[in-house]
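Here is final09.cif, consisting of mmCIF, C-alpha atoms (C1' of nucleotides):
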```cif
data_query
loop_
_atom_site.label_atom_id
_atom_site.label_comp_id
_atom_site.auth_asym_id
_atom_site.auth_seq_id
_atom_site.Cartn_x
_atom_site.Cartn_y
_atom_site.Cartn_z
CA MET A 1 -24.13 27.80 4.10
CA GLU A 2 -25.91 26.84 0.89
CA GLU A 3 -23.39 28.09 -1.64
CA PRO A 4 -24.49 27.69 -5.23
CA THR A 5 -22.79 24.91 -7.14
CA ILE A 6 -21.92 27.35 -9.89
CA ASP A 7 -18.93 28.44 -7.80
CA ILE A 8 -17.62 24.90 -7.89
CA ALA A 9 -18.06 24.77 -11.65
CA LEU A 10 -16.03 27.94 -12.05
CA HIS A 11 -13.44 26.64 -9.67
CA LEU A 12 -13.03 23.49 -11.76
CA LYS A 13 -12.96 25.44 -15.02
CA SER A 14 -10.26 27.70 -13.66
CA HIS A 15 -8.14 24.57 -13.37
CA GLY A 16 -9.02 23.40 -16.88
CA ILE A 17 -11.43 20.72 -15.67
CA ARG A 18 -14.84 20.19 -17.29
CA PRO A 19 -17.43 20.35 -14.52
CA SER A 20 -19.51 17.20 -14.63
CA MET A 21 -21.95 16.37 -11.84
CA GLN A 22 -19.60 13.84 -10.28
CA ARG A 23 -16.60 16.12 -10.47
CA MET A 24 -18.52 18.97 -8.89
CA ALA A 25 -19.80 16.74 -6.13
CA ILE A 26 -16.31 15.46 -5.35
CA MET A 27 -14.69 18.89 -5.46
CA GLU A 28 -17.48 20.36 -3.37
CA TYR A 29 -16.97 17.59 -0.85
CA LEU A 30 -13.27 18.32 -0.64
CA LEU A 31 -13.83 22.05 -0.23
CA ARG A 32 -16.48 21.63 2.44
CA HIS A 33 -14.66 18.95 4.43
CA THR A 34 -11.23 19.91 5.68
CA THR A 35 -10.76 16.45 7.17
CA HIS A 36 -8.46 15.11 4.43
CA PRO A 37 -10.73 12.21 3.47
CA THR A 38 -9.74 8.97 1.78
CA VAL A 39 -11.42 7.63 -1.35
CA ASP A 40 -13.61 5.35 0.74
CA VAL A 41 -14.76 8.13 3.03
CA ILE A 42 -15.71 10.29 0.06
CA TYR A 43 -17.46 7.33 -1.53
CA GLY A 44 -19.41 6.45 1.60
CA ASP A 45 -20.51 10.04 2.15
CA LEU A 46 -21.55 10.78 -1.43
CA LEU A 47 -23.27 7.49 -2.14
CA PRO A 48 -26.59 8.32 -0.42
CA LYS A 49 -27.02 11.37 -2.64
CA MET A 50 -25.58 9.73 -5.78
CA PRO A 51 -26.48 6.04 -5.62
CA THR A 52 -24.94 5.22 -8.99
CA LEU A 53 -21.57 6.68 -8.10
CA SER A 54 -18.64 4.37 -8.66
CA ARG A 55 -15.46 4.12 -6.64
CA THR A 56 -13.55 4.10 -9.90
CA THR A 57 -14.99 7.49 -10.78
CA ILE A 58 -13.63 8.87 -7.54
CA TYR A 59 -10.18 7.46 -8.27
CA ASN A 60 -10.29 8.80 -11.83
CA THR A 61 -11.54 12.18 -10.75
CA LEU A 62 -9.06 12.67 -7.94
CA GLU A 63 -6.23 11.68 -10.28
CA LEU A 64 -7.49 14.26 -12.79
CA PHE A 65 -7.71 16.91 -10.09
CA ARG A 66 -4.18 16.12 -9.03
CA GLU A 67 -2.81 16.34 -12.59
CA LYS A 68 -4.47 19.73 -13.00
CA GLY A 69 -3.15 20.94 -9.66
CA ALA A 70 -6.62 21.42 -8.21
CA ILE A 71 -5.99 19.30 -5.11
CA ARG A 72 -3.14 17.87 -3.10
CA VAL A 73 -2.58 14.22 -2.34
CA LEU A 74 -1.20 13.48 1.10
CA ASN A 75 1.24 10.61 1.64
CA ILE A 76 1.24 11.14 5.39
CA ASP A 77 -0.58 7.83 5.95
CA ASN A 78 1.25 4.73 4.78
CA LYS A 79 -2.06 2.86 4.50
CA THR A 80 -4.05 5.05 2.14
CA ALA A 81 -3.94 8.31 0.28
CA HIS A 82 -5.72 11.30 1.78
CA TYR A 83 -6.98 14.21 -0.28
CA ASP A 84 -6.96 17.93 0.37
CA GLY A 85 -8.91 20.58 -1.50
CA ASP A 86 -6.82 23.31 0.09
CA ILE A 87 -3.82 23.90 -2.15
CA THR A 88 -2.36 26.79 -0.18
CA GLY A 89 1.02 26.06 1.39
CA HIS A 90 0.49 24.31 4.71
CA ALA A 91 1.68 21.25 6.60
CA HIS A 92 -0.16 18.31 8.18
CA PHE A 93 -0.15 16.55 11.50
CA MET A 94 -1.42 12.97 11.81
CA CYS A 95 -2.32 11.54 15.20
CA ARG A 96 -1.15 7.96 15.65
CA ARG A 97 -3.92 7.30 18.17
CA CYS A 98 -7.07 8.54 16.40
CA GLY A 99 -5.75 8.85 12.86
CA ARG A 100 -7.08 12.36 12.39
CA ILE A 101 -5.11 14.69 10.17
CA TYR A 102 -4.88 18.34 11.17
CA ASP A 103 -3.78 21.34 9.13
CA VAL A 104 -0.67 23.06 10.43
CA ARG A 105 0.06 26.61 9.37
CA VAL A 106 3.69 27.18 8.54
CA PRO A 107 4.99 30.67 7.75
CA ARG A 108 5.73 31.38 4.10
CA GLU A 109 9.36 32.15 4.86
CA ILE A 110 9.94 28.72 6.33
CA PHE A 111 8.53 27.07 3.22
CA ALA A 112 10.66 29.40 1.12
CA GLN A 113 13.76 28.41 3.10
CA LEU A 114 12.86 24.73 2.79
CA ASN A 115 12.39 24.98 -0.95
CA ARG A 116 15.89 26.33 -1.32
CA MET A 117 17.51 23.32 0.36
CA PRO A 118 17.63 20.80 -2.52
CA ALA A 119 19.81 23.25 -4.46
CA ASP A 120 20.60 21.05 -7.43
CA HIS A 121 17.20 19.47 -8.03
CA LEU A 122 14.08 21.06 -9.46
CA VAL A 123 11.55 21.15 -6.62
CA GLU A 124 7.91 20.98 -7.68
CA GLN A 125 6.29 20.03 -4.38
CA THR A 126 7.20 20.21 -0.72
CA GLU A 127 5.32 18.12 1.81
CA VAL A 128 5.78 18.62 5.55
CA ASN A 129 4.22 15.84 7.61
CA TYR A 130 4.18 15.61 11.37
CA SER A 131 3.07 12.64 13.41
CA GLY A 132 2.54 12.12 17.12
CA VAL A 133 -0.41 12.46 19.48
CA CYS A 134 -3.00 15.21 19.03
CA THR A 135 -4.46 17.51 21.68
CA GLU A 136 -7.74 15.61 21.72
CA CYS A 137 -6.02 12.31 22.43
CA LEU A 138 -3.64 13.81 24.97
CA GLY A 139 -6.72 14.69 27.01
CA PRO A 140 -7.72 17.93 28.70
CA ASN A 141 -5.60 17.79 31.86
CA VAL A 142 -2.35 16.47 30.61
CA VAL A 143 0.88 18.09 31.60
CA ARG A 144 3.06 18.32 28.58
CA MET B 1 35.57 -1.40 3.30
CA GLU B 2 35.14 -4.74 5.06
CA GLU B 3 33.79 -3.51 8.34
CA PRO B 4 33.35 -6.21 10.95
CA THR B 5 29.79 -7.28 11.55
CA ILE B 6 30.30 -6.88 15.26
CA ASP B 7 29.66 -3.16 14.80
CA ILE B 8 26.25 -3.96 13.42
CA ALA B 9 25.52 -6.24 16.38
CA LEU B 10 26.41 -3.47 18.81
CA HIS B 11 24.38 -1.02 16.82
CA LEU B 12 21.32 -3.27 17.07
CA LYS B 13 21.89 -3.95 20.77
CA SER B 14 22.10 -0.23 21.45
CA HIS B 15 18.54 -0.05 20.17
CA GLY B 16 17.40 -3.01 22.26
CA ILE B 17 17.32 -5.41 19.31
CA ARG B 18 18.74 -8.92 19.53
CA PRO B 19 21.20 -9.33 16.68
CA SER B 20 20.25 -12.37 14.65
CA MET B 21 21.92 -13.13 11.34
CA GLN B 22 18.97 -11.85 9.34
CA ARG B 23 18.62 -8.71 11.40
CA MET B 24 22.30 -7.94 11.06
CA ALA B 25 22.20 -8.53 7.33
CA ILE B 26 19.22 -6.24 6.91
CA MET B 27 20.63 -3.49 9.12
CA GLU B 28 24.01 -3.74 7.44
CA TYR B 29 22.30 -3.43 4.09
CA LEU B 30 20.49 -0.30 5.20
CA LEU B 31 23.63 1.27 6.60
CA ARG B 32 25.72 0.51 3.52
CA HIS B 33 23.09 1.55 0.98
CA THR B 34 21.87 5.10 1.29
CA THR B 35 19.44 4.54 -1.57
CA HIS B 36 16.31 4.21 0.59
CA PRO B 37 15.43 0.72 -0.64
CA THR B 38 12.03 -0.96 -0.63
CA VAL B 39 11.36 -4.39 0.87
CA ASP B 40 11.65 -5.99 -2.55
CA VAL B 41 14.97 -4.35 -3.33
CA ILE B 42 16.41 -5.51 -0.03
CA TYR B 43 15.03 -8.98 -0.63
CA GLY B 44 16.42 -9.22 -4.15
CA ASP B 45 19.85 -8.04 -3.07
CA LEU B 46 20.18 -10.24 0.01
CA LEU B 47 18.73 -13.43 -1.48
CA PRO B 48 21.90 -14.56 -3.30
CA LYS B 49 23.84 -14.53 -0.02
CA MET B 50 20.96 -15.87 2.09
CA PRO B 51 18.91 -18.19 -0.10
CA THR B 52 16.46 -19.15 2.64
CA LEU B 53 15.58 -15.58 3.45
CA SER B 54 11.88 -14.82 3.47
CA ARG B 55 10.15 -11.63 2.48
CA THR B 56 8.08 -11.92 5.65
CA THR B 57 11.25 -11.76 7.71
CA ILE B 58 12.16 -8.51 6.05
CA TYR B 59 8.74 -7.06 6.80
CA ASN B 60 8.91 -8.28 10.40
CA THR B 61 12.44 -7.04 10.90
CA LEU B 62 11.88 -3.60 9.43
CA GLU B 63 8.76 -3.21 11.57
CA LEU B 64 10.81 -4.17 14.63
CA PHE B 65 13.55 -1.70 13.68
CA ARG B 66 10.94 1.01 13.27
CA GLU B 67 9.35 0.30 16.68
CA LYS B 68 12.77 0.50 18.29
CA GLY B 69 13.62 3.71 16.50
CA ALA B 70 16.56 2.17 14.66
CA ILE B 71 15.38 3.18 11.19
CA ARG B 72 13.00 5.58 9.52
CA VAL B 73 10.20 4.63 7.19
CA LEU B 74 9.63 7.03 4.32
CA ASN B 75 6.12 7.71 3.03
CA ILE B 76 7.44 9.84 0.19
CA ASP B 77 6.36 7.25 -2.38
CA ASN B 78 2.64 6.55 -2.52
CA LYS B 79 3.33 3.13 -4.05
CA THR B 80 5.62 1.51 -1.50
CA ALA B 81 7.44 2.19 1.71
CA HIS B 82 11.15 3.06 1.53
CA TYR B 83 13.55 2.48 4.40
CA ASP B 84 16.37 4.59 5.73
CA GLY B 85 19.08 3.48 8.16
CA ASP B 86 20.11 7.08 8.72
CA ILE B 87 18.05 8.41 11.61
CA THR B 88 19.69 11.80 11.81
CA GLY B 89 17.40 14.70 10.96
CA HIS B 90 17.30 15.17 7.21
CA ALA B 91 14.81 15.53 4.39
CA HIS B 92 14.24 13.62 1.15
CA PHE B 93 13.78 14.46 -2.49
CA MET B 94 12.10 12.01 -4.86
CA CYS B 95 12.46 12.39 -8.60
CA ARG B 96 9.24 11.80 -10.49
CA ARG B 97 11.17 10.75 -13.59
CA CYS B 98 13.62 8.14 -12.28
CA GLY B 99 12.12 7.48 -8.87
CA ARG B 100 15.41 7.91 -7.05
CA ILE B 101 15.29 9.32 -3.55
CA TYR B 102 18.03 11.72 -2.47
CA ASP B 103 18.99 12.90 0.99
CA VAL B 104 18.57 16.61 1.56
CA ARG B 105 20.41 18.27 4.41
CA VAL B 106 18.30 20.76 6.28
CA PRO B 107 19.80 22.96 9.00
CA ARG B 108 18.91 22.00 12.55
CA GLU B 109 17.33 25.36 13.23
CA ILE B 110 14.84 24.91 10.42
CA PHE B 111 13.78 21.55 11.83
CA ALA B 112 13.57 23.13 15.26
CA GLN B 113 11.36 25.88 13.90
CA LEU B 114 9.20 23.36 12.08
CA ASN B 115 8.75 21.25 15.18
CA ARG B 116 7.37 24.25 17.03
CA MET B 117 4.57 24.85 14.54
CA PRO B 118 1.95 22.31 15.68
CA ALA B 119 1.85 24.06 19.05
CA ASP B 120 -0.98 22.08 20.62
CA HIS B 121 -0.07 18.58 19.46
CA LEU B 122 2.73 16.34 20.65
CA VAL B 123 5.12 15.99 17.73
CA GLU B 124 7.07 12.73 17.59
CA GLN B 125 8.23 12.78 13.99
CA THR B 126 8.68 15.36 11.29
CA GLU B 127 8.99 14.30 7.67
CA VAL B 128 10.00 16.74 4.95
CA ASN B 129 9.48 15.35 1.45
CA TYR B 130 10.30 17.10 -1.78
CA SER B 131 9.36 15.92 -5.25
CA GLY B 132 10.25 17.15 -8.69
CA VAL B 133 12.98 16.36 -11.21
CA CYS B 134 16.52 15.54 -10.09
CA THR B 135 19.79 16.90 -11.47
CA GLU B 136 20.54 13.65 -13.28
CA CYS B 137 17.22 13.70 -15.10
CA LEU B 138 17.43 17.41 -15.87
CA GLY B 139 20.58 16.58 -17.86
CA PRO B 140 24.01 18.16 -17.83
CA ASN B 141 23.44 21.26 -19.94
CA VAL B 142 20.10 22.42 -18.80
CA VAL B 143 19.52 26.03 -17.98
CA ARG B 144 17.50 26.22 -14.85
"C1'" DA C 1 -30.47 13.62 -35.61
"C1'" DT C 2 -26.24 10.98 -36.05
"C1'" DT C 3 -21.90 10.36 -34.99
"C1'" DA C 4 -17.88 11.13 -32.34
"C1'" DA C 5 -15.74 12.20 -28.05
"C1'" DT C 6 -15.89 12.20 -23.26
"C1'" DT C 7 -17.19 10.46 -18.94
"C1'" DT C 8 -18.88 7.08 -15.87
"C1'" DT C 9 -19.38 2.55 -14.33
"C1'" DG C 10 -18.61 -2.47 -12.81
"C1'" DT C 11 -15.61 -6.12 -12.84
"C1'" DA C 12 -11.36 -8.17 -12.82
"C1'" DA C 13 -6.30 -7.87 -12.09
"C1'" DT C 14 -2.34 -6.28 -9.59
"C1'" DG C 15 0.69 -5.57 -5.96
"C1'" DA C 16 2.12 -4.32 -1.28
"C1'" DT C 17 1.45 -5.66 3.23
"C1'" DA C 18 -0.46 -8.35 7.19
"C1'" DA C 19 -2.14 -12.61 9.47
"C1'" DC C 20 -1.17 -16.93 10.66
"C1'" DA C 21 0.71 -21.28 11.97
"C1'" DA C 22 4.36 -24.48 11.23
"C1'" DA C 23 9.31 -25.08 11.31
"C1'" DT C 24 13.69 -23.72 12.82
"C1'" DT C 25 16.94 -21.65 15.77
"C1'" DT C 26 18.51 -19.93 20.09
"C1'" DG C 27 18.67 -19.53 25.09
"C1'" DT C 28 18.26 -21.68 29.65
"C1'" DA C 29 18.36 -24.86 33.35
"C1'" DA C 30 18.84 -29.27 34.96
"C1'" DT D 1 25.18 -32.49 27.14
"C1'" DT D 2 20.21 -32.84 27.14
"C1'" DA D 3 15.63 -31.31 27.28
"C1'" DC D 4 12.50 -27.76 27.32
"C1'" DA D 5 10.90 -23.06 26.53
"C1'" DA D 6 11.15 -18.80 24.18
"C1'" DA D 7 12.24 -16.29 20.25
"C1'" DT D 8 12.81 -16.05 15.41
"C1'" DT D 9 12.22 -17.31 10.73
"C1'" DT D 10 9.65 -19.06 7.06
"C1'" DG D 11 5.92 -20.12 3.46
"C1'" DT D 12 1.27 -19.74 2.55
"C1'" DT D 13 -2.84 -17.44 2.55
"C1'" DA D 14 -5.73 -13.36 3.18
"C1'" DT D 15 -6.61 -8.51 2.87
"C1'" DC D 16 -7.04 -4.19 1.05
"C1'" DA D 17 -5.99 -0.07 -1.82
"C1'" DT D 18 -5.35 0.97 -6.31
"C1'" DT D 19 -5.19 0.26 -11.40
"C1'" DA D 20 -6.54 -1.80 -15.89
"C1'" DC D 21 -9.93 -2.49 -18.86
"C1'" DA D 22 -13.96 -2.54 -21.64
"C1'" DA D 23 -18.81 -1.76 -21.81
"C1'" DA D 24 -22.46 1.57 -20.96
"C1'" DA D 25 -24.06 6.13 -20.57
"C1'" DT D 26 -23.76 10.87 -21.25
"C1'" DT D 27 -22.41 15.03 -23.63
"C1'" DA D 28 -20.66 17.69 -27.57
"C1'" DA D 29 -20.30 18.59 -32.47
"C1'" DT D 30 -21.36 18.26 -37.16
#
```
Go ahead and express the file in the form of structure tokens.
Amino acid sequence: MEEPTIDIALHLKSHGIRPSMQRMAIMEYLLRHTTHPTVDVIYGDLLPKMPTLSRTTIYNTLELFREKGAIRVLNIDNKTAHYDGDITGHAHFMCRRCGRIYDVRVPREIFAQLNRMPADHLVEQTEVNYSGVCTECLGPNVVR
Amino acid sequence: MEEPTIDIALHLKSHGIRPSMQRMAIMEYLLRHTTHPTVDVIYGDLLPKMPTLSRTTIYNTLELFREKGAIRVLNIDNKTAHYDGDITGHAHFMCRRCGRIYDVRVPREIFAQLNRMPADHLVEQTEVNYSGVCTECLGPNVVR
DNA sequence: ATTAATTTTGTAATGATAACAAATTTGTAA
DNA sequence: TTACAAATTTGTTATCATTACAAAATTAAT
């Protein structure tokens, strides 16, 4: 459970990012929390441990991570951006009741097929976003 | 080219929307322009013909259309919402150079497959968003 | 050890959207 | 038609996420 932070440093370096304390903390947060947090959630959770942390640093850092391809930014929520430390190909489901965002595994071949569809354009990213009502919110005894 | 506005009225009614002048103008705009406009683009284009039109009306109206399932709201752009009068199943490609959003036809079966992936959740909408560089911006003689 | 470069920080500005209440328009019933 | 009620539109103000910016702090390099 207590992984050494040196792994995070290497992870950042492998993406061409210099591993400062703040950057490591933010990347570590993203890797440990698969909840697709917003800037404010990250800020609120890190603040107790890093009282001098600035919101601006989080914005700057996440933008840097994105440029370097170390994270993915989710546009699934029209209110705010959500961030994902998992850059493997997968989709997302957002519940309109509770707002939670779930990972959805989609077979490689389907992504491959999808990526072939915009034949004339150069595709750099493919985002698959579902919305609806999640299992939790549907309740335990609901007939679907 | 000069389609009667009565079609638009019927179209709105079929979605349970009372066809006011503003609503018809906005829906007609969306149906005639497949450019996925923002609120401000719609506003700027309609204002000359309807000088008393308010931005708030456009927000209200588009929200109503969305509730009634008469349009789709695109979250492909993290800056602003884009609106689409075409509610048939299709995907979108946004160019990071010029910002244009293109329709991308995706076979029904692929959508059907996609919709089956979040097995435990109730899927109400599926959004497939591509980004990259479009043909126009790649230029005419580019080897891809 | 000094200087330069990078990073972090706090504040202020921007811009899209929502909240709200007043004004206008439309529908309804005498 | 007239009068009243409901629905719609409008302009203003508020909110909230994000960006711009410059000063402060930290880190690297000579």
Using all atoms listed in the file, collect all residues at a distance of at most 12 Å from (-19.8, -4.7, -21.1) as written in the file, then present them as a list in words.
DT9, DG10 and DT11 of chain C; DC21, DA22, DA23, DA24 and DA25 of chain D
Report as a PDB file with C-alpha atoms (C1' of nucleotides), in the frame of the given file all protein, DNA and RNA residues lying within 12 Å of DT8 in chain C, evaluated on all atoms listed in the file, omitting residues in the same chain fewer than 4 positions from it.
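Result written to out06.pdb:
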```pdb
ATOM      1  CA  SER A  20     -19.510  17.200 -14.630  1.00  0.00           C
ATOM      2  CA  MET A  21     -21.950  16.370 -11.840  1.00  0.00           C
ATOM      3  CA  GLN A  22     -19.600  13.840 -10.280  1.00  0.00           C
ATOM      4  CA  ARG A  23     -16.600  16.120 -10.470  1.00  0.00           C
ATOM      5  CA  THR A  52     -24.940   5.220  -8.990  1.00  0.00           C
ATOM      6  CA  LEU A  53     -21.570   6.680  -8.100  1.00  0.00           C
ATOM      7  CA  SER A  54     -18.640   4.370  -8.660  1.00  0.00           C
ATOM      8  CA  ARG A  55     -15.460   4.120  -6.640  1.00  0.00           C
ATOM      9  CA  THR A  56     -13.550   4.100  -9.900  1.00  0.00           C
ATOM     10  CA  THR A  57     -14.990   7.490 -10.780  1.00  0.00           C
ATOM     11  CA  ILE A  58     -13.630   8.870  -7.540  1.00  0.00           C
ATOM     12  CA  TYR A  59     -10.180   7.460  -8.270  1.00  0.00           C
ATOM     13  CA  ASN A  60     -10.290   8.800 -11.830  1.00  0.00           C
ATOM     14  CA  THR A  61     -11.540  12.180 -10.750  1.00  0.00           C
TER      15      THR A  61
ATOM     16  C1'  DA D  23     -18.810  -1.760 -21.810  1.00  0.00           C
ATOM     17  C1'  DA D  24     -22.460   1.570 -20.960  1.00  0.00           C
ATOM     18  C1'  DA D  25     -24.060   6.130 -20.570  1.00  0.00           C
ATOM     19  C1'  DT D  26     -23.760  10.870 -21.250  1.00  0.00           C
ATOM     20  C1'  DT D  27     -22.410  15.030 -23.630  1.00  0.00           C
TER      21       DT D  27
END
```
Pairwise distance, CA of Phe93 in chain A with CA of His121 in chain B, equals 8.2 Å
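The smallest atom-to-atom distance between DT30 in chain D and any of C:DA29, C:DA12, C:DA4, C:DA23, using only C-alpha atoms (C1' of nucleotides), is found for C:DA4.
Picture a line from CA of Cys134 in chain A to CA of Asp103 in chain A; it runs 11.7 Å.
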Residue neighbourhood range 15-18 of chain B, 8 Å, only C-alpha atoms (C1' of nucleotides), exclusion window fewer than 5 positions, as number ranges by chain:
B: 9, 65, 68-70
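Run against this file, the PyMOL selection byres ((chain D and resi 13) around 12) gives back DA18, DA19, DC20 and DA21 of chain C; DG11, DT12, DA14 and DT15 of chain D.
The interatomic distance for the pair C1' of DG15 in chain C and CA of Ile42 in chain A works out to 23.6 Å.
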I need the chain B residues near chain A as a count of residues only; criterion: at most 6 Å, counting all atoms listed in the file.
20
At a cut-off of 12 Å, using only C-alpha atoms (C1' of nucleotides), what residues contact DT26 in chain C? Leave out same-chain residues fewer than 2 positions from it and give the result as a list in words.
Arg18, Pro19, Ser20 and Met21 of chain B; DT24 and DT28 of chain C; DA5, DA6, DA7, DT8 and DT9 of chain D
Using all atoms listed in the file, what table do you get, as CSV, when you list each residue of chain D with an atom no more than 10 Å from chain A, its nearest pair of atoms, and their distance in Å rounded to one decimal, rows by chain then rising number?
```
residue,atom,partner,partner_atom,distance
D:DC16,C1',A:Lys79,CA,9.3
D:DA17,C1',A:Thr80,CA,6.8
D:DT18,C1',A:Tyr59,CA,8.3
D:DT19,C1',A:Tyr59,CA,9.3
D:DT27,C1',A:Ser20,CA,9.7
```
Keeping only C-alpha atoms (C1' of nucleotides), write the selected residues to a file as an mmCIF file, keeping the file's coordinate frame.
```cif
data_model
loop_
_atom_site.group_PDB
_atom_site.id
_atom_site.type_symbol
_atom_site.label_atom_id
_atom_site.label_comp_id
_atom_site.auth_asym_id
_atom_site.auth_seq_id
_atom_site.Cartn_x
_atom_site.Cartn_y
_atom_site.Cartn_z
ATOM 1 C "C1'" DC D 16 -7.040 -4.190 1.050
ATOM 2 C "C1'" DA D 17 -5.990 -0.070 -1.820
ATOM 3 C "C1'" DT D 18 -5.350 0.970 -6.310
ATOM 4 C "C1'" DT D 19 -5.190 0.260 -11.400
ATOM 5 C "C1'" DT D 27 -22.410 15.030 -23.630
#
```
Neighbourhood query: residues within 8 Å of (18.4, 1.1, 8.0), file coordinates, counting all atoms listed in the file; return as a ChimeraX atom specification.
/B:26-31,65,70-72,83-86
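Distances to chain C were evaluated for B:Arg108, B:Thr38, B:Leu10, B:Leu46 using only C-alpha atoms (C1' of nucleotides), and the minimum falls at B:Thr38.
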